[in-house]
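I have placed the structure first, in the form of structure tokens, so that the comments after it can refer back to it.
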Amino acid sequence: MPRLDELALLIQSRYPLIVVETFEEHRLEKALEEVASSLRMGLWVWTATTGLAKVLSLTSMYDTQEPLRALAALATIDGEGIFLMKDLHPYFSRPEVVRKVRDLAPRFTADRRAIVLSGARVPLPPELAPLAASFALGLPGPAELKRLAERLLARLARERPVRVELEPGELDEFVERLRGLTAFEAERALTRAILRDNALTRADLEVIVEVKRELLRREGVLDYVAPDENLAQVGGFAALKAWLARRRRALEPAARDFGLEPPRGVLLLGVAGCGKTLVARAVAREWALPLLKLEAGRLYDKWVGESEKNLEKALHVAEHMAPCVLLIDEIEKAFGVGSSDDADAGLSRRIVGRLLGWLQDRTAAVFVVATCNDMSRLPPEMMRKGRFDEIFFVDLPGPAERREILAVHLRKRKRDPAGFDLDRLAAAAEGFSGAEIEQAVVSALYAAFAQDTELADAHVEQELRATRPLSVTRAEEVDRLRAWARDRTVIA
């Protein structure tokens, strides 16, 4: 059980109240049992339905379901002890309950006794807040999850024939996918995977991902994106593809055993429409990881403090889904620092500060792909090493890349690229982004279909010549972006 030393320290520091916000009451109770045993203290548990009972005792204290009577009973118990009060906080609307807790506090501080208040959310009245310390139970780590998986397999095997068809080390991969789930959620996910066919195989990894998707939909702050493309379908990006290929296995448990930390992510700076978002989708598909998308519009709320809470929830959900790829598209629009800072009373800076802290300090295997079209709106701290592993500049495609992009989009639309003069079309597409080349191919297909004829070079070339690309309409911005990136980034 994690962080028991910290919990024991709070009790030994004689805090009369310790607040633990968690859904996992069973894990908390087990943790308190271990702490009580190590400190040679008694452990008592109270609920409004069962009253006050000493752990390992067969009976509850008489007439202690009512909270005020239970608190009065605490004063009569001799010796040091830990008193877990489950869902006591709703009764803090009663002044006499708050008063009784305040009366107990000085005696508990002197006698090394602590009341542990637990619940999904435990708001305290102002009178009690200064008396309390907070403790975060935390999610189960790899060792605890592995023990849970082994116990579950043994129990189910006693109830029915269960086949375990895993190669050495693959159970560790299951454990890695379970990270971010509570113990209850992890046990339900594994049980669901096993009971489908009374077997645990590598194919059941998808069940774990599906459970995480369901949790994601329930939270509603991030989108789950189905990544359809792989890196082979993304034209160009030779340096970026090679960089990603070297890190493909770095999120596996074996990488940690080798001494590697999970890769943190990349910042893709470049011209709009050059495939930056496509890279995020391709990475998730190539690495067989769920792809989450952070929508800035869902973060900001008109109520004070709610925007920060929404960001915290989004980051927590991303860690919940780890290992995963998190796409922050056009990051400068969501987290850029601009002239609106004073107008929003510093909200933008607080949001940016929290994101920067998370990018720097996170330990979960969340690979962040952030895209940016305007570097002038990003705070300098965001581009510091440690937030991202590398900053890549995505320029307009060169002749060979335009040829490759044309081939990809023709092939995607059931046309053989060998039947087209790709060199000629690539020359006609000079200055075009990948998205603009794709739209030229799509428009050419419409034209050919309207003429009731097969797609030909002439259709594509005509559409290319009829389009004014972004490199022409916004030439100054593109030149400024290239000049800034020349000595500061790696060319993708």
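Labels used: A, B, ... for chains in the order of the structure tokens, numbers from 1 for residues in each chain, and numbers from 1 for ligands as shown.
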
- Query: Can you list, as a PyMOL selection string, every protein, DNA or RNA residue that comes within 9 Å of Val441 (chain A) when you count only C-alpha atoms, leaving out same-chain residues fewer than 6 positions away?
  - Reply: chain A and resi 406+409-410+459-460+463-464

- May I have the residues within 8 Å of Ile405 (chain A) as JSON, numbers by chain, using only C-alpha atoms and disregarding those fewer than 6 positions away in the same chain? {"A": [234, 235, 236, 434, 437, 438]}

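Of the residues listed (A:Gln439, A:Thr182, A:Ser307, A:Gln65), A:Thr182 shows the shortest atom-to-atom separation from Met321 (chain A); distances use only C-alpha atoms.
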
Using only C-alpha atoms, which residues of region 158-254 of chain A come within 10 Å of region 143-150 of chain A, and what is the closest atom pair for each, with the distance in Å to one decimal? Give it as a tab-separated table, sorted by chain and residue number.
residue	atom	partner	partner_atom	distance
A:Leu171	CA	A:Lys146	CA	7.9
A:Asp172	CA	A:Lys146	CA	7.4
A:Phe174	CA	A:Lys146	CA	8.7
A:Val175	CA	A:Lys146	CA	6.0
A:Glu176	CA	A:Leu145	CA	8.8
A:Leu178	CA	A:Leu145	CA	7.4
A:Arg179	CA	A:Leu145	CA	7.7
A:Leu181	CA	A:Leu145	CA	9.4
A:Thr182	CA	A:Leu145	CA	9.3
A:Ala183	CA	A:Leu145	CA	7.3
A:Phe184	CA	A:Leu148	CA	9.9
A:Ala186	CA	A:Leu145	CA	7.7
A:Glu187	CA	A:Leu148	CA	7.2
A:Leu190	CA	A:Ala149	CA	7.4
A:Thr191	CA	A:Ala149	CA	9.3

- Find the residues around region 264-274 of chain A up to 6 Å (only C-alpha atoms counted), leave out those fewer than 5 positions away in its own chain, and share them as a list in words. Phe367, Val368, Val369, Ala370, Thr371, Cys372, Asn373, Phe388, Asp389, Glu390, Ile391, Phe392, Phe393, Val394, Asp395, Ser433, Gly434 and Ala435 of chain A

- Just asking: which residues within region 250-416 of chain A are helix (DSSP H, G or I) according to DSSP, as a ChimeraX atom specification? /A:253-257,276-286,296-298,306-321,331-335,347-361,375-377,380-383,399-412

- Message: Can you pull out the residues contacting Glu34 (chain A)? Cut-off 10 Å, using only C-alpha atoms, and skip same-chain residues under 6 positions away; I want them as a ChimeraX atom specification.
- Response: /A:1,4,8,28,40,43

- Message: Please list as a PyMOL selection string every residue within 7 Å of region 133-139 of chain A, counting only C-alpha atoms and excluding residues in the same chain fewer than 3 positions away.
- Response: chain A and resi 7+15+17-21+180-182

Take the residues just selected and output them with C-alpha atoms as a compact mmCIF listing (two decimals), in the first residue's frame.
# COMPACT_ATOMS: atom_id res chain seq x y z
CA LEU A 7 -0.03 8.84 6.58
CA TYR A 15 -3.32 16.25 13.73
CA LEU A 17 -8.45 15.60 11.82
CA ILE A 18 -7.14 14.01 8.63
CA VAL A 19 -9.19 14.38 5.45
CA VAL A 20 -8.99 11.71 2.74
CA GLU A 21 -11.02 12.27 -0.43
CA GLY A 180 -4.54 5.11 -13.69
CA LEU A 181 -7.50 2.99 -12.60
CA THR A 182 -8.64 2.62 -9.03

- Item | Who sits within 12 Å of Arg415 (chain A), only C-alpha atoms, same chain under 4 positions skipped, as a PyMOL selection string | chain A and resi 406-411+419-420+441-442+445+454-457

Leu216 (chain A) environment, 12 Å, only C-alpha atoms, sequence neighbours closer than 2 positions dropped, as a PDB file with N, CA and C atoms, in the first residue's frame:
ATOM      1  N   GLY A 180      -3.598   4.007 -13.545  1.00  0.00           N
ATOM      2  CA  GLY A 180      -4.539   5.113 -13.688  1.00  0.00           C
ATOM      3  C   GLY A 180      -5.936   4.745 -13.265  1.00  0.00           C
ATOM      4  N   LEU A 181      -6.201   3.443 -13.095  1.00  0.00           N
ATOM      5  CA  LEU A 181      -7.502   2.989 -12.600  1.00  0.00           C
ATOM      6  C   LEU A 181      -7.432   2.818 -11.091  1.00  0.00           C
ATOM      7  N   VAL A 209      -8.532  -0.938 -22.529  1.00  0.00           N
ATOM      8  CA  VAL A 209      -8.638   0.352 -23.216  1.00  0.00           C
ATOM      9  C   VAL A 209     -10.096   0.788 -23.301  1.00  0.00           C
ATOM     10  N   GLU A 210     -11.014  -0.164 -23.566  1.00  0.00           N
ATOM     11  CA  GLU A 210     -12.430   0.168 -23.672  1.00  0.00           C
ATOM     12  C   GLU A 210     -12.986   0.658 -22.335  1.00  0.00           C
ATOM     13  N   VAL A 211     -12.548   0.039 -21.244  1.00  0.00           N
ATOM     14  CA  VAL A 211     -12.972   0.496 -19.921  1.00  0.00           C
ATOM     15  C   VAL A 211     -12.521   1.940 -19.710  1.00  0.00           C
ATOM     16  N   LYS A 212     -11.299   2.244 -20.119  1.00  0.00           N
ATOM     17  CA  LYS A 212     -10.802   3.607 -19.968  1.00  0.00           C
ATOM     18  C   LYS A 212     -11.580   4.570 -20.864  1.00  0.00           C
ATOM     19  N   ARG A 213     -11.980   4.121 -22.043  1.00  0.00           N
ATOM     20  CA  ARG A 213     -12.804   4.973 -22.919  1.00  0.00           C
ATOM     21  C   ARG A 213     -14.124   5.321 -22.240  1.00  0.00           C
ATOM     22  N   GLU A 214     -14.741   4.330 -21.610  1.00  0.00           N
ATOM     23  CA  GLU A 214     -16.018   4.566 -20.935  1.00  0.00           C
ATOM     24  C   GLU A 214     -15.857   5.592 -19.820  1.00  0.00           C
ATOM     25  N   ARG A 218     -17.541   9.452 -19.528  1.00  0.00           N
ATOM     26  CA  ARG A 218     -18.259   9.849 -18.325  1.00  0.00           C
ATOM     27  C   ARG A 218     -17.736  11.175 -17.784  1.00  0.00           C
ATOM     28  N   GLU A 219     -16.423  11.398 -17.862  1.00  0.00           N
ATOM     29  CA  GLU A 219     -15.836  12.632 -17.345  1.00  0.00           C
ATOM     30  C   GLU A 219     -16.167  13.834 -18.229  1.00  0.00           C
ATOM     31  N   GLY A 220     -16.146  13.653 -19.567  1.00  0.00           N
ATOM     32  CA  GLY A 220     -16.609  14.686 -20.482  1.00  0.00           C
ATOM     33  C   GLY A 220     -15.690  15.873 -20.690  1.00  0.00           C
ATOM     34  N   VAL A 221     -14.404  15.793 -20.295  1.00  0.00           N
ATOM     35  CA  VAL A 221     -13.498  16.930 -20.496  1.00  0.00           C
ATOM     36  C   VAL A 221     -12.515  16.694 -21.631  1.00  0.00           C
ATOM     37  N   LEU A 222     -12.350  15.446 -22.047  1.00  0.00           N
ATOM     38  CA  LEU A 222     -11.467  15.115 -23.154  1.00  0.00           C
ATOM     39  C   LEU A 222     -12.249  14.310 -24.177  1.00  0.00           C
ATOM     40  N   ASP A 223     -11.819  14.391 -25.415  1.00  0.00           N
ATOM     41  CA  ASP A 223     -12.416  13.576 -26.478  1.00  0.00           C
ATOM     42  C   ASP A 223     -11.537  12.367 -26.746  1.00  0.00           C
ATOM     43  N   TYR A 224     -12.182  11.230 -26.996  1.00  0.00           N
ATOM     44  CA  TYR A 224     -11.436  10.068 -27.482  1.00  0.00           C
ATOM     45  C   TYR A 224     -11.498  10.095 -28.997  1.00  0.00           C
ATOM     46  N   VAL A 225     -10.347  10.037 -29.646  1.00  0.00           N
ATOM     47  CA  VAL A 225     -10.261  10.098 -31.110  1.00  0.00           C
ATOM     48  C   VAL A 225      -9.795   8.748 -31.620  1.00  0.00           C
ATOM     49  N   PRO A 290      -4.408   4.673 -26.913  1.00  0.00           N
ATOM     50  CA  PRO A 290      -5.571   5.553 -27.064  1.00  0.00           C
ATOM     51  C   PRO A 290      -5.135   6.992 -27.305  1.00  0.00           C
ATOM     52  N   LEU A 291      -5.892   7.703 -28.136  1.00  0.00           N
ATOM     53  CA  LEU A 291      -5.593   9.099 -28.453  1.00  0.00           C
ATOM     54  C   LEU A 291      -6.668   9.987 -27.824  1.00  0.00           C
ATOM     55  N   LEU A 292      -6.242  10.897 -26.962  1.00  0.00           N
ATOM     56  CA  LEU A 292      -7.146  11.840 -26.313  1.00  0.00           C
ATOM     57  C   LEU A 292      -6.883  13.231 -26.862  1.00  0.00           C
ATOM     58  N   LYS A 293      -7.950  14.001 -26.996  1.00  0.00           N
ATOM     59  CA  LYS A 293      -7.815  15.363 -27.507  1.00  0.00           C
ATOM     60  C   LYS A 293      -8.358  16.339 -26.475  1.00  0.00           C
ATOM     61  N   LEU A 294      -7.534  17.308 -26.119  1.00  0.00           N
ATOM     62  CA  LEU A 294      -7.932  18.333 -25.161  1.00  0.00           C
ATOM     63  C   LEU A 294      -8.559  19.497 -25.914  1.00  0.00           C
ATOM     64  N   LYS A 313      -9.114  18.282 -13.870  1.00  0.00           N
ATOM     65  CA  LYS A 313      -9.844  17.059 -14.209  1.00  0.00           C
ATOM     66  C   LYS A 313      -9.318  16.473 -15.516  1.00  0.00           C
ATOM     67  N   ALA A 314      -9.059  17.328 -16.513  1.00  0.00           N
ATOM     68  CA  ALA A 314      -8.555  16.851 -17.801  1.00  0.00           C
ATOM     69  C   ALA A 314      -7.200  16.171 -17.639  1.00  0.00           C
ATOM     70  N   LEU A 315      -6.300  16.789 -16.852  1.00  0.00           N
ATOM     71  CA  LEU A 315      -4.973  16.200 -16.647  1.00  0.00           C
ATOM     72  C   LEU A 315      -5.076  14.899 -15.864  1.00  0.00           C
ATOM     73  N   HIS A 316      -5.985  14.876 -14.887  1.00  0.00           N
ATOM     74  CA  HIS A 316      -6.171  13.645 -14.107  1.00  0.00           C
ATOM     75  C   HIS A 316      -6.701  12.523 -14.995  1.00  0.00           C
ATOM     76  N   VAL A 317      -7.651  12.859 -15.868  1.00  0.00           N
ATOM     77  CA  VAL A 317      -8.213  11.840 -16.765  1.00  0.00           C
ATOM     78  C   VAL A 317      -7.142  11.314 -17.712  1.00  0.00           C
ATOM     79  N   ALA A 318      -6.278  12.208 -18.230  1.00  0.00           N
ATOM     80  CA  ALA A 318      -5.198  11.763 -19.116  1.00  0.00           C
ATOM     81  C   ALA A 318      -4.284  10.785 -18.386  1.00  0.00           C
ATOM     82  N   GLU A 319      -3.942  11.075 -17.137  1.00  0.00           N
ATOM     83  CA  GLU A 319      -3.118  10.156 -16.356  1.00  0.00           C
ATOM     84  C   GLU A 319      -3.877   8.860 -16.080  1.00  0.00           C
ATOM     85  N   HIS A 320      -5.183   8.975 -15.901  1.00  0.00           N
ATOM     86  CA  HIS A 320      -6.056   7.816 -15.685  1.00  0.00           C
ATOM     87  C   HIS A 320      -5.996   6.865 -16.876  1.00  0.00           C
ATOM     88  N   MET A 321      -5.854   7.432 -18.093  1.00  0.00           N
ATOM     89  CA  MET A 321      -5.876   6.650 -19.327  1.00  0.00           C
ATOM     90  C   MET A 321      -4.486   6.150 -19.731  1.00  0.00           C
ATOM     91  N   ALA A 322      -3.446   6.585 -19.021  1.00  0.00           N
ATOM     92  CA  ALA A 322      -2.076   6.221 -19.397  1.00  0.00           C
ATOM     93  C   ALA A 322      -1.895   4.700 -19.433  1.00  0.00           C
TER      94      ALA A 322
END

- DSSP strand (DSSP E) residues within region 145-385 of chain A, listed as a PyMOL selection string: chain A and resi 163-165+199-201+222-225+265-270+291-294+324-328+366-372

- Task: Enter the distance from CA of Glu80 (chain A) to CA of Met61 (chain A), in Å, rounded to one decimal.
- Result: 17.6 Å

- Item | Counting only C-alpha atoms, the residue of A:Ala72, A:Ala157, A:Leu240, A:Leu56 that sits nearest Val490 (chain A) | A:Leu240

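Minimum atom-to-atom distance to Leu244 (chain A), evaluated using only C-alpha atoms, belongs to A:Ala492 out of A:Lys100, A:Leu156, A:Ala492, A:Met382.
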
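Minimum distance to Thr47 (chain A) across A:Leu396, A:Ala75, A:Val478, A:Ala70 (counting only C-alpha atoms) occurs at A:Ala70.
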
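If you measure from each of A:Asp87, A:Lys54, A:Val283, A:Leu104 to Leu71 (chain A) using only C-alpha atoms, the closest one turns out to be A:Leu104.
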
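CA of Glu165 (chain A) to CA of Leu200 (chain A) spans 6.1 Å [interatomic distance, one decimal].
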